[in-house]
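Raw contents of coords_33.txt, compact mmCIF, C-alpha atoms:
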```
# COMPACT_ATOMS: atom_id res chain seq x y z
CA MET A 1 -86.51 -69.89 -50.52
CA ALA A 2 -84.26 -67.77 -48.37
CA THR A 3 -85.40 -64.17 -47.90
CA ALA A 4 -83.67 -60.88 -47.21
CA LEU A 5 -80.25 -62.07 -48.30
CA GLU A 6 -77.57 -59.88 -49.76
CA ILE A 7 -74.90 -61.69 -51.77
CA VAL A 8 -71.54 -59.89 -51.61
CA GLU A 9 -67.96 -60.56 -52.59
CA VAL A 10 -65.79 -61.48 -49.63
CA THR A 11 -63.38 -58.63 -48.86
CA ASP A 12 -61.13 -57.63 -46.01
CA SER A 13 -63.95 -55.49 -44.58
CA ASN A 14 -66.39 -58.41 -44.32
CA TRP A 15 -63.71 -61.01 -43.53
CA PRO A 16 -64.87 -61.23 -39.87
CA ALA A 17 -68.29 -62.46 -41.10
CA LEU A 18 -66.59 -65.29 -43.01
CA VAL A 19 -64.51 -66.18 -39.95
CA ASP A 20 -67.69 -66.30 -37.88
CA LEU A 21 -69.42 -68.48 -40.49
CA PHE A 22 -66.53 -70.95 -40.75
CA GLY A 23 -65.86 -71.06 -37.01
CA PRO A 24 -62.62 -72.31 -35.46
CA ASN A 25 -62.39 -75.35 -37.74
CA GLY A 26 -62.61 -73.51 -41.05
CA ALA A 27 -66.09 -74.89 -41.87
CA VAL A 28 -65.01 -78.52 -42.33
CA SER A 29 -61.62 -80.05 -41.50
CA GLY A 30 -59.70 -76.77 -41.27
CA CYS A 31 -59.34 -76.38 -45.03
CA TRP A 32 -60.55 -72.75 -45.25
CA CYS A 33 -61.16 -73.35 -48.99
CA THR A 34 -57.44 -73.61 -49.72
CA TRP A 35 -57.49 -77.28 -50.78
CA PHE A 36 -57.43 -76.56 -54.51
CA TRP A 37 -54.55 -74.05 -54.20
CA GLN A 38 -52.13 -76.43 -52.47
CA SER A 39 -50.46 -79.75 -53.18
CA GLY A 40 -51.64 -82.82 -51.30
CA SER A 41 -48.47 -82.97 -49.24
CA ARG A 42 -48.63 -79.30 -48.31
CA ILE A 43 -52.28 -79.26 -47.24
CA SER A 44 -51.67 -82.26 -44.98
CA LEU A 45 -48.82 -80.36 -43.30
CA GLU A 46 -50.75 -77.12 -42.86
CA ARG A 47 -52.99 -76.41 -39.92
CA SER A 48 -56.31 -74.64 -39.81
CA ALA A 49 -54.74 -71.35 -38.66
CA VAL A 50 -52.24 -71.41 -41.53
CA ASN A 51 -54.96 -72.13 -44.08
CA ARG A 52 -57.08 -69.35 -42.58
CA GLU A 53 -54.23 -66.88 -42.98
CA MET A 54 -53.61 -68.09 -46.54
CA LEU A 55 -57.24 -67.38 -47.46
CA HIS A 56 -57.15 -64.01 -45.72
CA GLU A 57 -54.02 -63.00 -47.64
CA ARG A 58 -55.69 -63.94 -50.91
CA VAL A 59 -58.82 -61.96 -49.97
CA CYS A 60 -56.66 -58.91 -49.10
CA SER A 61 -54.79 -59.19 -52.41
CA GLY A 62 -58.00 -58.42 -54.31
CA VAL A 63 -58.00 -61.73 -56.20
CA PRO A 64 -61.58 -63.06 -56.49
CA VAL A 65 -62.15 -65.96 -54.09
CA GLY A 66 -65.85 -66.12 -53.42
CA LEU A 67 -69.14 -64.70 -52.22
CA LEU A 68 -70.97 -64.47 -48.92
CA ALA A 69 -74.72 -64.68 -48.36
CA MET A 70 -75.43 -62.07 -45.70
CA SER A 71 -78.52 -61.89 -43.51
CA GLY A 72 -78.01 -58.51 -41.93
CA SER A 73 -74.46 -58.53 -40.59
CA THR A 74 -74.32 -62.33 -40.30
CA ALA A 75 -72.90 -64.54 -43.05
CA VAL A 76 -75.20 -67.51 -43.56
CA GLY A 77 -73.48 -68.98 -46.61
CA TRP A 78 -70.30 -69.02 -48.67
CA ILE A 79 -69.41 -70.08 -52.20
CA ALA A 80 -65.89 -70.29 -53.58
CA VAL A 81 -65.78 -69.06 -57.18
CA ALA A 82 -62.67 -67.95 -59.03
CA PRO A 83 -60.85 -68.39 -62.34
CA ARG A 84 -60.05 -72.06 -62.86
CA PRO A 85 -56.31 -71.35 -63.41
CA SER A 86 -56.12 -70.02 -59.82
CA TYR A 87 -56.79 -73.58 -58.60
CA PRO A 88 -53.75 -75.62 -59.74
CA ARG A 89 -54.95 -78.80 -58.06
CA LEU A 90 -58.00 -79.03 -60.37
CA ALA A 91 -55.79 -80.11 -63.28
CA ARG A 92 -54.46 -83.10 -61.34
CA SER A 93 -57.67 -84.68 -60.08
CA LYS A 94 -59.53 -87.45 -61.89
CA ILE A 95 -62.79 -85.67 -61.03
CA THR A 96 -61.81 -82.10 -61.94
CA ARG A 97 -59.21 -82.44 -64.69
CA PRO A 98 -60.07 -80.82 -68.05
CA VAL A 99 -62.09 -82.89 -70.52
CA ASP A 100 -59.66 -81.86 -73.27
CA ALA A 101 -56.05 -81.29 -72.18
CA ASP A 102 -55.65 -78.75 -75.01
CA GLU A 103 -58.74 -76.71 -74.14
CA ASP A 104 -58.09 -73.07 -73.25
CA LEU A 105 -59.46 -72.70 -69.74
CA SER A 106 -58.13 -69.21 -69.05
CA ASP A 107 -61.65 -67.72 -69.12
CA VAL A 108 -63.38 -70.58 -67.32
CA TRP A 109 -64.27 -70.07 -63.66
CA SER A 110 -64.77 -72.84 -61.09
CA VAL A 111 -67.11 -73.29 -58.16
CA THR A 112 -65.16 -75.47 -55.75
CA CYS A 113 -66.99 -75.12 -52.44
CA CYS A 114 -70.33 -74.13 -50.97
CA TYR A 115 -71.06 -73.95 -47.27
CA VAL A 116 -74.27 -72.92 -45.49
CA ARG A 117 -74.48 -72.26 -41.76
CA LYS A 118 -76.11 -74.99 -39.68
CA GLY A 119 -79.69 -73.97 -38.98
CA GLU A 120 -79.91 -72.17 -42.35
CA ARG A 121 -79.65 -75.24 -44.58
CA GLY A 122 -82.61 -76.29 -46.68
CA LYS A 123 -83.75 -72.70 -47.26
CA GLY A 124 -82.41 -72.25 -50.81
CA ILE A 125 -79.28 -70.33 -49.82
CA ALA A 126 -76.94 -72.63 -51.76
CA GLY A 127 -79.01 -72.08 -54.91
CA GLU A 128 -78.95 -68.31 -54.45
CA LEU A 129 -75.19 -68.42 -53.96
CA LEU A 130 -74.70 -70.55 -57.08
CA SER A 131 -76.79 -68.19 -59.21
CA ALA A 132 -74.85 -65.22 -57.82
CA ALA A 133 -71.55 -66.99 -58.52
CA VAL A 134 -72.51 -67.38 -62.19
CA GLY A 135 -73.35 -63.67 -62.42
CA PHE A 136 -70.13 -62.73 -60.60
CA ALA A 137 -68.01 -64.80 -63.00
CA ASP A 138 -69.89 -63.36 -66.00
CA ARG A 139 -69.24 -59.78 -64.83
CA HIS A 140 -65.54 -60.64 -64.57
CA GLY A 141 -65.36 -61.89 -68.17
CA ALA A 142 -65.79 -65.63 -67.75
CA VAL A 143 -67.00 -67.55 -70.80
CA ALA A 144 -68.13 -70.52 -68.70
CA VAL A 145 -68.45 -71.66 -65.10
CA GLU A 146 -67.65 -75.22 -64.01
CA GLY A 147 -68.59 -77.24 -60.96
CA TYR A 148 -67.74 -80.70 -59.67
CA PRO A 149 -70.87 -81.71 -57.75
CA VAL A 150 -71.86 -84.81 -55.85
CA ILE A 151 -74.49 -87.10 -57.37
CA THR A 152 -76.70 -87.89 -54.39
CA ASP A 153 -79.63 -89.62 -56.14
CA GLY A 154 -81.73 -88.26 -53.28
CA ALA A 155 -79.67 -89.88 -50.51
CA ARG A 156 -78.72 -87.84 -47.43
CA ARG A 157 -75.05 -86.95 -47.20
CA SER A 158 -72.88 -85.28 -44.59
CA VAL A 159 -71.81 -81.64 -44.91
CA GLY A 160 -68.25 -82.89 -45.41
CA GLU A 161 -69.37 -84.80 -48.51
CA LEU A 162 -71.51 -82.03 -49.98
CA TYR A 163 -69.14 -79.05 -50.03
CA HIS A 164 -68.82 -79.43 -53.81
CA GLY A 165 -72.59 -78.93 -54.14
CA THR A 166 -75.14 -81.36 -55.49
CA LEU A 167 -75.75 -82.29 -59.09
CA SER A 168 -79.43 -81.43 -58.72
CA GLY A 169 -78.52 -77.95 -57.45
CA PHE A 170 -76.19 -77.28 -60.37
CA LEU A 171 -78.73 -78.56 -62.91
CA ALA A 172 -81.39 -76.29 -61.38
CA ALA A 173 -78.99 -73.36 -61.90
CA GLY A 174 -78.68 -74.06 -65.62
CA PHE A 175 -75.51 -76.17 -65.66
CA GLU A 176 -75.19 -79.18 -67.94
CA VAL A 177 -73.32 -82.42 -67.31
CA VAL A 178 -70.14 -82.50 -69.37
CA GLU A 179 -69.00 -85.85 -68.07
CA GLN A 180 -69.81 -88.15 -65.17
CA ARG A 181 -66.42 -88.79 -63.61
CA SER A 182 -67.35 -91.45 -61.05
CA PRO A 183 -70.51 -93.06 -59.71
CA THR A 184 -70.91 -90.11 -57.30
CA ARG A 185 -69.27 -87.14 -59.06
CA ALA A 186 -69.70 -85.17 -62.29
CA LEU A 187 -68.11 -82.27 -64.11
CA VAL A 188 -70.75 -79.71 -65.03
CA ARG A 189 -70.52 -76.48 -67.00
CA ARG A 190 -72.67 -73.46 -67.74
CA VAL A 191 -71.65 -71.55 -70.85
CA LEU A 192 -72.17 -67.79 -70.53
```

Could you rewrite the structure in this file as structure tokens?
Amino acid sequence: MATALEIVEVTDSNWPALVDLFGPNGAVSGCWCTWFWQSGSRISLERSAVNREMLHERVCSGVPVGLLAMSGSTAVGWIAVAPRPSYPRLARSKITRPVDADEDLSDVWSVTCCYVRKGERGKGIAGELLSAAVGFADRHGAVAVEGYPVITDGARRSVGELYHGTLSGFLAAGFEVVEQRSPTRALVRRVL
């Protein structure tokens, strides 16, 4: 288990710690956690620097975007958690679309990404971030938190495949499987 971590909301004042964590490539593939805000055609046209600025603008606007795991002044982990309606792309994906098209999802929050610094992985940071994300959403009035994790069945996967989190990690944090959407992906939910 990770020790001496402080989990904080990402803000303009701690933005440099997120930039340091993500590095020049925006963690993986230059996305900067903007994938679920943009259309497929737009994200393919954007570059890492544009996506970085898009995330920074959202952070500066005060809209919730996620949490940082801080070890002193160094960010060692990140989790994207925000109201589901703020991620328009979720409604269009086979994996993340609502179970019931008529369900009111205005008070449901989504965890779309988790990233832990190389050298800090395997220390329980992702689990701490996920638990903190649930508490953060609850304090902001969420009635449930969703995730769209990877089913690994114990197999090793690359960081690029695991940014959604693992099913075992979500289950350990009290989430339940709502529906398995593919052989390797599920929709999970924790009712608050």

- request: May I have the residues at most 10 Å from (-68.2, -63.8, -63.0) in the file's coordinates, counting only C-alpha atoms, as an MDAnalysis selection string?
  value: chainID A and resid 64 81:83 107:110 132:145 192

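The smallest atom-to-atom distance between Ile125 in chain A and any of A:Ser48, A:Ser13, A:Ser71, A:Gln38, using only C-alpha atoms, is found for A:Ser71.
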
Between CA of Gln180 in chain A and CA of Lys118 in chain A - distance in Å to one decimal: 29.4 Å

Can you list every residue of range 141-186 of chain A that has an atom at most 12 Å from range 20-27 of chain A, with its nearest atom pair and the distance in Å to one decimal, using only C-alpha atoms, ordered by chain then number, as CSV?
```
residue,atom,partner,partner_atom,distance
A:Val159,CA,A:Ala27,CA,9.4
A:Gly160,CA,A:Ala27,CA,9.0
A:Tyr163,CA,A:Ala27,CA,9.7
```

field: Gap from CA of Ala17 in chain A to CA of Leu129 in chain A - Å, one decimal
entry: 15.8 Å

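In this comparison, which uses only C-alpha atoms, the residue of A:Glu128, A:Glu57, A:Asp102, A:Glu120 approaching Glu6 in chain A most closely is A:Glu128.
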
- prompt: At what distance in Å, to one decimal, does CA of Leu105 in chain A lie from CA of Gly30 in chain A?
  reply: 28.8 Å

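Counting only C-alpha atoms, Val178 in chain A has the following residues at most 9 Å away, ignoring those fewer than 6 positions along the same chain: Val99, Ala186, Leu187, Val188 and Arg189 of chain A.
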
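Proximity to Gly122 in chain A at 12 Å, evaluated using all atoms listed in the file and with sequence-adjacent residues fewer than 5 positions away removed, yields Met1, Ala2, Val76, Gly77, Tyr115, Val116, Arg117, Gly127, Glu128 and Gly169 of chain A.
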
Write a file of the selected residues as a short mmCIF file (atom, residue, chain, number, x, y, z; two decimals), in the frame of the given file, keeping C-alpha atoms.
```cif
data_model
loop_
_atom_site.label_atom_id
_atom_site.label_comp_id
_atom_site.auth_asym_id
_atom_site.auth_seq_id
_atom_site.Cartn_x
_atom_site.Cartn_y
_atom_site.Cartn_z
CA MET A 1 -86.51 -69.89 -50.52
CA ALA A 2 -84.26 -67.77 -48.37
CA VAL A 76 -75.20 -67.51 -43.56
CA GLY A 77 -73.48 -68.98 -46.61
CA TYR A 115 -71.06 -73.95 -47.27
CA VAL A 116 -74.27 -72.92 -45.49
CA ARG A 117 -74.48 -72.26 -41.76
CA GLY A 127 -79.01 -72.08 -54.91
CA GLU A 128 -78.95 -68.31 -54.45
CA GLY A 169 -78.52 -77.95 -57.45
#
```

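Compared by their closest atoms to Val65 in chain A, and using all atoms listed in the file, the residues A:Arg185, A:Arg190, A:Arg47, A:Arg84 rank with A:Arg84 nearest.
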
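Nearest-residue note for Leu55 in chain A: choosing from A:Arg97, A:Thr11, A:Ala69, A:Glu179, the minimum distance belongs to A:Thr11, counting only C-alpha atoms.
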